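Reproduced below: upload-v7.csv, with CSV, C-alpha atoms.
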```csv
chain,number,residue,atom,x,y,z
A,10,MET,CA,9.1,-20.4,18.3
A,11,SER,CA,12.7,-20.9,19.1
A,12,ASN,CA,15.3,-18.3,20.3
A,13,SER,CA,17.5,-19.4,17.4
A,14,SER,CA,14.8,-18.5,14.8
A,15,SER,CA,14.3,-15.1,16.4
A,16,THR,CA,18.1,-14.6,16.4
A,17,SER,CA,18.3,-15.7,12.7
A,18,LEU,CA,15.9,-13.0,11.6
A,19,ASN,CA,17.5,-10.3,13.7
A,20,GLY,CA,20.8,-11.3,12.4
A,21,THR,CA,19.8,-10.5,8.8
A,22,GLU,CA,19.9,-6.8,9.6
A,23,ASN,CA,23.7,-6.6,9.1
A,24,ILE,CA,23.4,-8.6,5.9
A,25,LEU,CA,20.8,-6.2,4.5
A,26,ALA,CA,23.6,-3.6,4.1
A,27,ILE,CA,25.2,-5.8,1.4
A,28,ASN,CA,24.7,-4.4,-2.0
A,29,ASN,CA,22.9,-7.3,-3.7
A,30,ILE,CA,21.6,-4.6,-6.1
A,31,PRO,CA,24.0,-1.8,-7.2
A,32,VAL,CA,23.6,1.3,-5.0
A,33,LEU,CA,22.9,3.6,-8.0
A,34,VAL,CA,20.2,1.2,-9.3
A,35,ARG,CA,18.5,1.1,-5.9
A,36,PHE,CA,18.8,4.8,-5.5
A,37,TRP,CA,17.4,5.9,-8.9
A,38,THR,CA,14.7,3.3,-9.1
A,39,TYR,CA,13.4,4.4,-5.7
A,40,LEU,CA,13.8,8.1,-6.4
A,41,ILE,CA,12.0,7.9,-9.8
A,42,SER,CA,9.3,5.6,-8.5
A,43,ASP,CA,8.7,7.8,-5.4
A,44,ALA,CA,8.4,11.0,-7.4
A,45,LEU,CA,6.0,9.6,-10.0
A,46,SER,CA,4.0,7.9,-7.3
A,47,ILE,CA,3.6,11.1,-5.3
A,48,ALA,CA,2.5,13.0,-8.4
A,49,CYS,CA,-0.1,10.3,-9.3
A,50,SER,CA,-1.4,10.1,-5.7
A,51,LEU,CA,-2.0,13.8,-5.7
A,52,PHE,CA,-3.8,13.7,-9.0
A,53,VAL,CA,-6.0,10.8,-8.0
A,54,LEU,CA,-6.8,12.3,-4.6
A,55,TYR,CA,-7.7,15.6,-6.2
A,56,TYR,CA,-10.4,14.1,-8.3
A,57,LEU,CA,-11.6,11.7,-5.7
A,58,PHE,CA,-12.2,14.7,-3.4
A,59,PHE,CA,-13.5,17.3,-5.9
A,60,ASP,CA,-15.7,15.0,-7.9
A,61,ARG,CA,-18.9,14.7,-5.9
A,62,ALA,CA,-19.9,11.3,-7.3
A,63,LEU,CA,-16.5,9.8,-6.7
A,64,ARG,CA,-16.2,11.3,-3.2
A,65,ARG,CA,-19.6,9.9,-2.1
A,66,ALA,CA,-19.0,6.4,-3.5
A,67,LEU,CA,-18.4,4.2,-0.4
A,68,ASN,CA,-16.0,1.9,-2.3
A,69,ASN,CA,-13.7,4.9,-2.8
A,70,HIS,CA,-13.4,5.9,0.9
A,71,VAL,CA,-10.9,3.2,1.8
A,72,ILE,CA,-9.0,4.0,-1.4
A,73,ILE,CA,-8.7,7.6,-0.3
A,74,VAL,CA,-7.4,6.6,3.2
A,75,LEU,CA,-4.9,4.2,1.6
A,76,LEU,CA,-3.6,6.9,-0.8
A,77,PHE,CA,-3.1,9.3,2.2
A,78,ILE,CA,-1.2,6.6,4.1
A,79,GLY,CA,0.9,5.9,1.1
A,80,LEU,CA,1.7,9.6,0.7
A,81,ILE,CA,2.9,9.8,4.3
A,82,ASN,CA,5.2,6.8,3.7
A,83,GLU,CA,6.5,8.4,0.5
A,84,ILE,CA,7.4,11.8,2.0
A,85,THR,CA,8.9,10.3,5.2
A,86,SER,CA,10.3,6.8,5.0
A,87,VAL,CA,11.3,6.7,1.3
A,88,PRO,CA,13.5,9.9,1.4
A,89,TRP,CA,15.2,8.5,4.5
A,90,ILE,CA,15.8,5.2,2.7
A,91,LEU,CA,17.1,7.1,-0.4
A,92,TYR,CA,19.6,9.0,1.8
A,93,ARG,CA,20.7,5.7,3.4
A,94,GLN,CA,21.1,4.1,0.0
A,95,ARG,CA,23.1,7.0,-1.4
A,96,PHE,CA,25.5,7.7,1.4
A,97,GLY,CA,25.5,4.4,3.4
A,98,ILE,CA,24.5,6.0,6.7
A,99,ALA,CA,21.4,7.3,8.4
A,100,LEU,CA,20.3,10.8,7.7
A,101,ILE,CA,20.3,11.6,11.5
A,102,GLN,CA,22.3,9.2,13.6
A,103,THR,CA,20.3,9.2,16.8
A,104,PRO,CA,18.1,6.6,18.5
A,105,ASP,CA,15.1,8.9,18.3
A,106,PHE,CA,15.4,9.2,14.5
A,107,TYR,CA,15.8,5.5,14.2
A,108,LEU,CA,12.6,4.9,16.2
A,109,SER,CA,10.8,7.5,14.1
A,110,SER,CA,12.0,5.8,10.9
A,111,TYR,CA,10.8,2.5,12.1
A,112,PHE,CA,7.4,3.9,13.2
A,113,PHE,CA,6.6,5.6,9.9
A,114,ASP,CA,7.9,2.7,7.8
A,115,TYR,CA,6.1,-0.2,9.5
A,116,ALA,CA,3.1,1.7,10.8
A,117,THR,CA,2.1,3.0,7.4
A,118,PHE,CA,2.9,-0.2,5.6
A,119,THR,CA,1.1,-2.5,8.0
A,120,THR,CA,-1.9,-0.1,8.1
A,121,GLN,CA,-2.2,-0.4,4.3
A,122,ILE,CA,-2.1,-4.2,4.4
A,123,ILE,CA,-4.7,-4.5,7.1
A,124,LEU,CA,-7.0,-1.8,5.6
A,125,PHE,CA,-6.9,-3.4,2.2
A,126,ALA,CA,-7.6,-6.8,3.7
A,127,TRP,CA,-10.7,-5.2,5.2
A,128,ALA,CA,-11.5,-3.6,1.8
A,129,THR,CA,-11.6,-7.1,0.1
A,130,LEU,CA,-14.2,-8.2,2.7
A,131,GLU,CA,-16.2,-5.0,2.6
A,132,ARG,CA,-16.4,-5.1,-1.2
A,133,HIS,CA,-18.6,-8.3,-0.9
A,134,ILE,CA,-20.9,-6.3,1.4
A,135,LEU,CA,-21.0,-3.3,-1.0
A,136,ILE,CA,-21.8,-5.5,-4.0
A,137,TYR,CA,-23.9,-8.4,-2.6
A,138,HIS,CA,-25.3,-7.2,0.7
A,139,ASP,CA,-25.9,-3.5,0.2
A,140,HIS,CA,-28.9,-3.7,2.5
A,141,TRP,CA,-26.4,-3.9,5.4
A,142,ILE,CA,-25.5,-0.2,4.7
A,143,SER,CA,-29.0,1.0,3.8
A,144,THR,CA,-29.2,3.5,6.7
A,145,LYS,CA,-26.8,6.0,8.3
A,146,GLN,CA,-26.5,4.0,11.4
A,147,ARG,CA,-25.7,0.8,9.5
A,148,ARG,CA,-23.2,2.6,7.3
A,149,PHE,CA,-21.4,3.9,10.4
A,150,PHE,CA,-21.0,0.5,12.0
A,151,VAL,CA,-20.4,-1.5,8.9
A,152,HIS,CA,-18.4,0.9,6.7
A,153,TYR,CA,-16.9,3.8,8.8
A,154,LEU,CA,-16.2,2.1,12.2
A,155,PRO,CA,-13.9,-0.7,10.8
A,156,ILE,CA,-11.7,1.9,9.0
A,157,ILE,CA,-11.5,4.1,12.1
A,158,SER,CA,-10.8,1.1,14.3
A,159,ILE,CA,-8.0,-0.1,12.1
A,160,LEU,CA,-6.4,3.3,12.0
A,161,ILE,CA,-6.6,3.7,15.8
A,162,TYR,CA,-5.3,0.2,16.4
A,163,THR,CA,-2.2,0.4,14.3
A,164,LEU,CA,-1.4,3.9,15.6
A,165,VAL,CA,-1.6,2.7,19.2
A,166,TYR,CA,0.1,-0.6,18.6
A,167,TYR,CA,3.1,0.8,16.8
A,168,SER,CA,3.4,3.8,19.2
A,169,VAL,CA,3.6,1.3,22.1
A,170,THR,CA,5.9,-1.2,20.4
A,171,THR,CA,8.2,1.4,18.8
A,172,PHE,CA,8.7,3.9,21.6
A,173,GLY,CA,8.3,1.2,24.4
A,174,PRO,CA,11.1,-1.2,25.5
A,175,PHE,CA,11.0,-3.4,22.4
A,176,CYS,CA,13.1,-1.6,19.8
A,177,LYS,CA,16.5,-1.1,21.3
A,178,ASN,CA,18.5,-3.9,19.6
A,179,SER,CA,18.8,-2.7,16.0
A,180,PHE,CA,20.3,0.8,16.3
A,181,VAL,CA,23.9,-0.3,15.6
A,182,SER,CA,22.9,-1.9,12.3
A,183,PHE,CA,20.8,1.2,11.4
A,184,LEU,CA,23.9,3.5,12.0
A,185,ALA,CA,25.8,1.2,9.6
A,186,GLY,CA,23.2,1.9,6.8
A,187,GLY,CA,21.3,-1.4,7.3
A,188,TYR,CA,17.6,-1.8,6.6
A,189,ILE,CA,15.2,-1.8,9.4
A,190,ILE,CA,13.5,-5.1,10.2
A,191,PRO,CA,10.7,-5.2,12.8
A,192,CYS,CA,12.5,-5.2,16.1
A,193,VAL,CA,9.5,-6.8,17.8
A,194,TYR,CA,10.8,-10.1,16.4
A,195,GLY,CA,13.1,-10.2,19.4
A,196,ASN,CA,10.1,-10.8,21.6
A,197,LYS,CA,8.4,-14.2,21.1
A,198,VAL,CA,4.8,-13.1,21.8
A,199,LEU,CA,5.0,-9.9,19.8
A,200,ALA,CA,6.9,-11.7,17.0
A,201,MET,CA,4.0,-14.2,16.6
A,202,TRP,CA,1.4,-11.4,16.7
A,203,GLU,CA,3.3,-9.2,14.2
A,204,LEU,CA,3.7,-12.1,11.8
A,205,LEU,CA,0.3,-13.6,12.0
A,206,ALA,CA,-2.0,-10.7,12.6
A,207,HIS,CA,-0.2,-8.1,10.5
A,208,GLN,CA,1.2,-10.2,7.6
A,209,VAL,CA,-0.1,-13.8,7.2
A,210,ILE,CA,-3.8,-13.3,8.1
A,211,PRO,CA,-4.3,-10.1,6.1
A,212,THR,CA,-2.6,-11.7,3.1
A,213,LEU,CA,-4.8,-14.8,3.4
A,214,ILE,CA,-7.9,-12.6,3.7
A,215,ILE,CA,-6.9,-10.8,0.5
A,216,VAL,CA,-6.4,-14.1,-1.4
A,217,ILE,CA,-9.6,-15.8,-0.1
A,218,PHE,CA,-12.0,-12.9,-0.6
A,219,SER,CA,-10.5,-11.9,-4.0
A,220,ILE,CA,-10.9,-15.5,-5.3
A,221,THR,CA,-14.5,-15.7,-3.9
A,222,LEU,CA,-15.2,-12.3,-5.5
A,223,ILE,CA,-14.1,-13.6,-8.9
A,224,ILE,CA,-16.2,-16.8,-8.5
A,225,ARG,CA,-19.3,-14.8,-7.5
A,226,ALA,CA,-18.8,-12.3,-10.3
A,227,LEU,CA,-18.5,-15.0,-12.9
A,228,GLN,CA,-21.6,-16.7,-11.6
A,229,GLN,CA,-23.5,-13.5,-11.6
A,230,LYS,CA,-22.4,-12.6,-15.1
A,231,GLN,CA,-23.7,-16.0,-16.4
A,232,ARG,CA,-27.2,-15.4,-15.1
A,233,VAL,CA,-29.3,-13.5,-17.6
A,234,ASN,CA,-31.4,-11.7,-15.0
A,235,GLN,CA,-28.3,-10.4,-13.2
A,236,ARG,CA,-26.3,-9.1,-16.1
A,237,ILE,CA,-27.5,-5.5,-15.4
A,238,GLN,CA,-26.5,-5.9,-11.8
A,239,TRP,CA,-23.1,-7.2,-12.9
A,240,ARG,CA,-22.5,-4.2,-15.2
A,241,LYS,CA,-23.4,-1.9,-12.2
A,242,TYR,CA,-20.7,-3.4,-10.0
A,243,ARG,CA,-18.1,-4.4,-12.6
A,244,LYS,CA,-15.9,-1.4,-11.9
A,245,MET,CA,-15.9,-2.1,-8.2
A,246,THR,CA,-14.9,-5.7,-8.8
A,247,ILE,CA,-12.1,-4.9,-11.3
A,248,GLN,CA,-10.7,-2.2,-9.0
A,249,LEU,CA,-10.5,-4.5,-6.1
A,250,LEU,CA,-9.0,-7.4,-8.1
A,251,SER,CA,-6.3,-5.1,-9.6
A,252,ILE,CA,-5.2,-3.8,-6.2
A,253,SER,CA,-5.3,-7.4,-4.8
A,254,ALA,CA,-2.9,-8.5,-7.6
A,255,LEU,CA,-0.5,-5.7,-6.7
A,256,TYR,CA,-0.5,-6.6,-3.0
A,257,LEU,CA,0.0,-10.3,-3.6
A,258,VAL,CA,2.8,-9.9,-6.2
A,259,PHE,CA,4.9,-7.5,-4.2
A,260,ASN,CA,4.0,-8.3,-0.6
A,261,SER,CA,3.6,-12.1,-0.5
A,262,PRO,CA,7.4,-12.8,-0.9
A,263,TRP,CA,8.1,-10.6,2.1
A,264,VAL,CA,5.4,-12.4,4.2
A,265,PHE,CA,6.8,-15.8,3.1
A,266,ILE,CA,10.4,-14.7,4.0
A,267,LEU,CA,9.3,-13.5,7.4
A,268,PHE,CA,7.4,-16.7,8.1
A,269,ALA,CA,10.2,-18.9,6.9
A,270,SER,CA,12.9,-17.0,8.9
A,271,GLN,CA,10.8,-17.0,12.1
A,272,TYR,CA,10.0,-20.7,11.9
A,273,GLY,CA,13.4,-22.3,11.3
A,274,LEU,CA,14.5,-21.9,7.7
A,275,PRO,CA,18.4,-21.6,7.8
A,276,PRO,CA,19.5,-17.9,7.6
A,277,ASN,CA,22.0,-18.7,4.9
A,278,ILE,CA,19.0,-19.5,2.6
A,279,THR,CA,16.9,-16.5,3.6
A,280,ARG,CA,19.6,-13.8,3.7
A,281,ILE,CA,19.5,-12.7,0.0
A,282,TYR,CA,15.7,-13.2,-0.2
A,283,THR,CA,15.2,-11.0,2.8
A,284,PHE,CA,17.0,-8.1,1.0
A,285,TYR,CA,14.9,-8.5,-2.1
A,286,GLY,CA,11.7,-8.9,-0.2
A,287,LEU,CA,12.4,-5.6,1.6
A,288,TYR,CA,13.4,-3.9,-1.6
A,289,PHE,CA,10.3,-4.9,-3.6
A,290,ARG,CA,7.9,-4.5,-0.8
A,291,ASN,CA,7.8,-0.7,-1.2
A,292,TYR,CA,6.5,-1.1,-4.8
A,293,VAL,CA,3.1,-1.9,-3.2
A,294,ILE,CA,3.0,1.8,-2.2
A,295,PHE,CA,4.7,3.1,-5.3
A,296,LEU,CA,2.3,1.4,-7.7
A,297,PHE,CA,-0.9,1.7,-5.7
A,298,PRO,CA,-1.9,5.1,-7.1
A,299,PHE,CA,-1.3,4.0,-10.7
A,300,VAL,CA,-3.5,0.9,-10.2
A,301,CYS,CA,-6.2,3.2,-8.7
A,302,PHE,CA,-5.9,5.6,-11.6
A,303,GLY,CA,-6.2,2.7,-14.1
A,304,SER,CA,-9.2,1.2,-12.4
A,305,LEU,CA,-11.2,4.5,-12.4
A,306,SER,CA,-12.5,5.3,-15.9
A,307,GLU,CA,-13.6,8.8,-14.8
A,308,LEU,CA,-10.0,9.7,-14.0
A,309,ARG,CA,-8.6,8.2,-17.2
A,310,ASP,CA,-11.1,10.3,-19.2
A,311,GLU,CA,-10.3,13.4,-17.3
A,312,PHE,CA,-6.6,12.8,-17.8
A,313,LYS,CA,-7.1,12.4,-21.6
A,314,LYS,CA,-9.0,15.7,-21.7
A,315,LYS,CA,-6.3,17.5,-19.9
A,316,PHE,CA,-3.6,15.9,-22.1
A,317,LEU,CA,-5.4,16.8,-25.3
A,318,TRP,CA,-6.1,20.4,-24.0
A,319,CYS,CA,-2.3,20.8,-23.3
A,320,ARG,CA,-1.5,19.6,-26.8
A,321,ARG,CA,-3.9,22.0,-28.4
A,322,GLN,CA,-2.5,24.9,-26.3
A,323,HIS,CA,1.0,23.9,-27.3
A,324,ARG,CA,0.1,23.8,-30.9
A,325,VAL,CA,-1.6,27.2,-30.8
A,326,ILE,CA,1.4,28.8,-29.1
A,327,ALA,CA,3.8,27.2,-31.7
A,328,GLU,CA,1.6,28.5,-34.6
A,329,THR,CA,1.4,32.0,-33.0
A,330,THR,CA,5.1,32.1,-32.6
A,331,ILE,CA,5.7,31.1,-36.2
A,332,GLU,CA,3.3,33.7,-37.5
A,333,SER,CA,4.8,36.5,-35.4
A,334,ASN,CA,8.3,35.6,-36.6
A,335,THR,CA,7.1,35.7,-40.2
```

Take the structure from the file and write it as structure tokens.
Amino acid sequence: MSNSSSTSLNGTENILAINNIPVLVRFWTYLISDALSIACSLFVLYYLFFDRALRRALNNHVIIVLLFIGLINEITSVPWILYRQRFGIALIQTPDFYLSSYFFDYATFTTQIILFAWATLERHILIYHDHWISTKQRRFFVHYLPIISILIYTLVYYSVTTFGPFCKNSFVSFLAGGYIIPCVYGNKVLAMWELLAHQVIPTLIIVIFSITLIIRALQQKQRVNQRIQWRKYRKMTIQLLSISALYLVFNSPWVFILFASQYGLPPNITRIYTFYGLYFRNYVIFLFPFVCFGSLSELRDEFKKKFLWCRRQHRVIAETTIESNT
């Protein structure tokens, strides 16, 4: 990995302040997306917690954690991005706030990517190897421990790399309203680890295990004696594939741009694409609760009931008002 390639990526920070998309468009699309996503996240989390069957389902545990992580990002990083987009400067122009912004942005986003990569692998275990989690001890080591380990790892890693001696070169661009790019890319070893371990490998895991899940699901569906088993796990399969599509559509361009920038693609080619990659990357978090909602039929049915009840109440109030006026 050459010094010039690292410099080319770091040099894009100043370019990210260029308004490739009109400021008002960026501001309002993020504001509306963030508000709707927070509301949907709270709705989905409410029913995942208070519905006993949904709460106990092992496949929903990682979804609950991912929704919480997304909420943290949406109530911290996104409002700071909105302020920067609207006024062209950081909300608080201090190094400590810059480091906090970097930490909440990249720690939450990377944790989501790695956790979901694990979820694509775990879904094979839940569907085709459920005997691996047949006891409490097995469930702890196969199901709970990986989630806990990922959370601890990303918390420790980003605490060390953010508040250690690695993130001191990007503050000037941040003050000027520029977007934050991982400052560890100024360090060759950390740059390679950040790119491969946190972006490329999780994305490849999502692709590989999603494709193999599709193949195994189709094979199982065609076997007459396994159709009942297929119907049992169809929801789990559709849920995972829906979320996989979301991650691949909105995160893969960002991964490709990071990889190309780090390994020698000329900066004049990657500049504009880096901006769009960063801009659309957050739609993984914005759209995630909606994909979860759409993949859970119980939530859709509950939402329809609430919606119909509200309509009936509105109709009753309207009729009562008309009768009282007459």

Residue with smallest distance to Ala128 of chain A - pool A:His70, A:Ile90, A:Tyr111, A:Thr85, counting all atoms listed in the file: A:His70

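With all atoms listed in the file as the atoms that count, the residue of A:Leu108, A:Val193, A:Ile247, A:Cys49 with the shortest distance to Phe297 of chain A is A:Cys49.
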
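If all atoms listed in the file are the atoms counted, then among A:Val32, A:Leu267, A:Ile142, A:Leu54 the closest residue to Phe302 of chain A is A:Leu54.
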
Nearest to Thr171 of chain A, chosen from A:Phe77, A:Phe125, A:Tyr153, A:Tyr107, with all atoms listed in the file counted in the distances: A:Tyr107

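Remark: for Ser110 of chain A, the closest of the candidate residues A:Ile72, A:Phe172, A:Ala62, A:His152 is A:Phe172 (distances computed over only C-alpha atoms).
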
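Taking atom CA of Asn68 of chain A as the reference point, atom CA of Ser86 of chain A is found at 27.7 Å.
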
Shell of 12 Å around Val71 of chain A, all atoms listed in the file, local chain residues under 6 positions omitted, as number ranges by chain: A: 54, 57, 64-65, 77-78, 120-132, 152-157, 159-160, 249, 301

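Atom CA of Val169 of chain A to atom CA of Phe112 of chain A spans 10.0 Å [interatomic distance, one decimal].
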
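Proximity of A:Ile294, A:Ala269, A:Val87, A:Ile136 to Gln229 of chain A, computed with all atoms listed in the file, is greatest for A:Ile136.
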
Atomic separation - atom CA of Phe265 of chain A relative to atom CA of Tyr282 of chain A, Å: 9.8 Å

Polymer residues at most 10 Å from Pro88 of chain A, all atoms listed in the file, same-chain spacing of 5 or more positions, as a ChimeraX atom specification: /A:39-40,43,82-83,93-94,100

Have segment 112-122 of chain A completed to all heavy atoms, please, and pass it along as a compact mmCIF listing (two decimals), in the frame of the given file.
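Final output, out_7.txt:
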```
# COMPACT_ATOMS: atom_id res chain seq x y z
N PHE A 112 8.87 3.63 12.98
CA PHE A 112 7.40 3.90 13.20
C PHE A 112 6.76 4.22 11.85
O PHE A 112 5.75 3.62 11.47
CB PHE A 112 7.23 4.99 14.18
CG PHE A 112 5.80 5.38 14.37
CD1 PHE A 112 4.98 4.63 15.20
CD2 PHE A 112 5.26 6.47 13.71
CE1 PHE A 112 3.63 4.98 15.37
CE2 PHE A 112 3.93 6.81 13.87
CZ PHE A 112 3.12 6.06 14.70
N PHE A 113 7.29 5.22 11.12
CA PHE A 113 6.60 5.60 9.90
C PHE A 113 6.67 4.54 8.83
O PHE A 113 5.71 4.39 8.06
CB PHE A 113 7.34 6.90 9.34
CG PHE A 113 6.90 8.17 10.01
CD1 PHE A 113 7.74 8.84 10.89
CD2 PHE A 113 5.65 8.68 9.78
CE1 PHE A 113 7.33 10.00 11.52
CE2 PHE A 113 5.22 9.85 10.40
CZ PHE A 113 6.07 10.51 11.27
N ASP A 114 7.75 3.78 8.78
CA ASP A 114 7.90 2.70 7.80
C ASP A 114 6.84 1.62 8.04
O ASP A 114 5.99 1.31 7.20
CB ASP A 114 9.28 2.16 7.77
CG ASP A 114 9.52 1.22 6.59
OD1 ASP A 114 8.60 1.05 5.75
OD2 ASP A 114 10.62 0.66 6.50
N TYR A 115 6.91 1.02 9.21
CA TYR A 115 6.10 -0.20 9.50
C TYR A 115 4.66 0.17 9.86
O TYR A 115 3.74 -0.60 9.57
CB TYR A 115 6.76 -1.05 10.53
CG TYR A 115 7.90 -1.82 9.92
CD1 TYR A 115 9.20 -1.32 9.94
CD2 TYR A 115 7.68 -3.03 9.27
CE1 TYR A 115 10.24 -2.00 9.35
CE2 TYR A 115 8.72 -3.72 8.67
CZ TYR A 115 9.99 -3.21 8.72
OH TYR A 115 11.02 -3.88 8.11
N ALA A 116 4.44 1.30 10.51
CA ALA A 116 3.10 1.70 10.80
C ALA A 116 2.26 1.95 9.57
O ALA A 116 1.13 1.48 9.43
CB ALA A 116 3.06 2.90 11.75
N THR A 117 2.83 2.71 8.64
CA THR A 117 2.10 3.00 7.40
C THR A 117 1.92 1.78 6.54
O THR A 117 0.84 1.55 5.99
CB THR A 117 2.82 4.11 6.60
OG1 THR A 117 4.19 3.71 6.37
CG2 THR A 117 2.81 5.43 7.33
N PHE A 118 2.97 0.96 6.45
CA PHE A 118 2.90 -0.20 5.60
C PHE A 118 1.89 -1.23 6.13
O PHE A 118 1.04 -1.77 5.40
CB PHE A 118 4.25 -0.86 5.40
CG PHE A 118 4.27 -1.89 4.30
CD1 PHE A 118 4.43 -1.50 2.98
CD2 PHE A 118 4.11 -3.23 4.58
CE1 PHE A 118 4.43 -2.44 1.95
CE2 PHE A 118 4.11 -4.17 3.57
CZ PHE A 118 4.27 -3.77 2.25
N THR A 119 1.97 -1.51 7.42
CA THR A 119 1.10 -2.50 8.00
C THR A 119 -0.38 -1.98 7.98
O THR A 119 -1.31 -2.77 7.74
CB THR A 119 1.47 -2.77 9.48
OG1 THR A 119 2.80 -3.29 9.49
CG2 THR A 119 0.53 -3.77 10.13
N THR A 120 -0.58 -0.69 8.21
CA THR A 120 -1.90 -0.10 8.10
C THR A 120 -2.51 -0.33 6.74
O THR A 120 -3.69 -0.67 6.59
CB THR A 120 -1.92 1.37 8.48
OG1 THR A 120 -1.36 1.56 9.78
CG2 THR A 120 -3.33 1.94 8.46
N GLN A 121 -1.69 -0.13 5.72
CA GLN A 121 -2.20 -0.40 4.30
C GLN A 121 -2.60 -1.80 4.14
O GLN A 121 -3.66 -2.06 3.56
CB GLN A 121 -1.06 0.00 3.35
CG GLN A 121 -1.10 1.42 2.87
CD GLN A 121 -0.68 1.53 1.41
OE1 GLN A 121 -0.05 0.65 0.84
NE2 GLN A 121 -1.05 2.62 0.78
N ILE A 122 -1.79 -2.75 4.59
CA ILE A 122 -2.10 -4.20 4.40
C ILE A 122 -3.41 -4.54 5.09
O ILE A 122 -4.30 -5.16 4.50
CB ILE A 122 -0.95 -5.04 4.91
CG1 ILE A 122 0.33 -4.81 4.09
CG2 ILE A 122 -1.34 -6.52 4.86
CD1 ILE A 122 0.24 -5.24 2.66
```
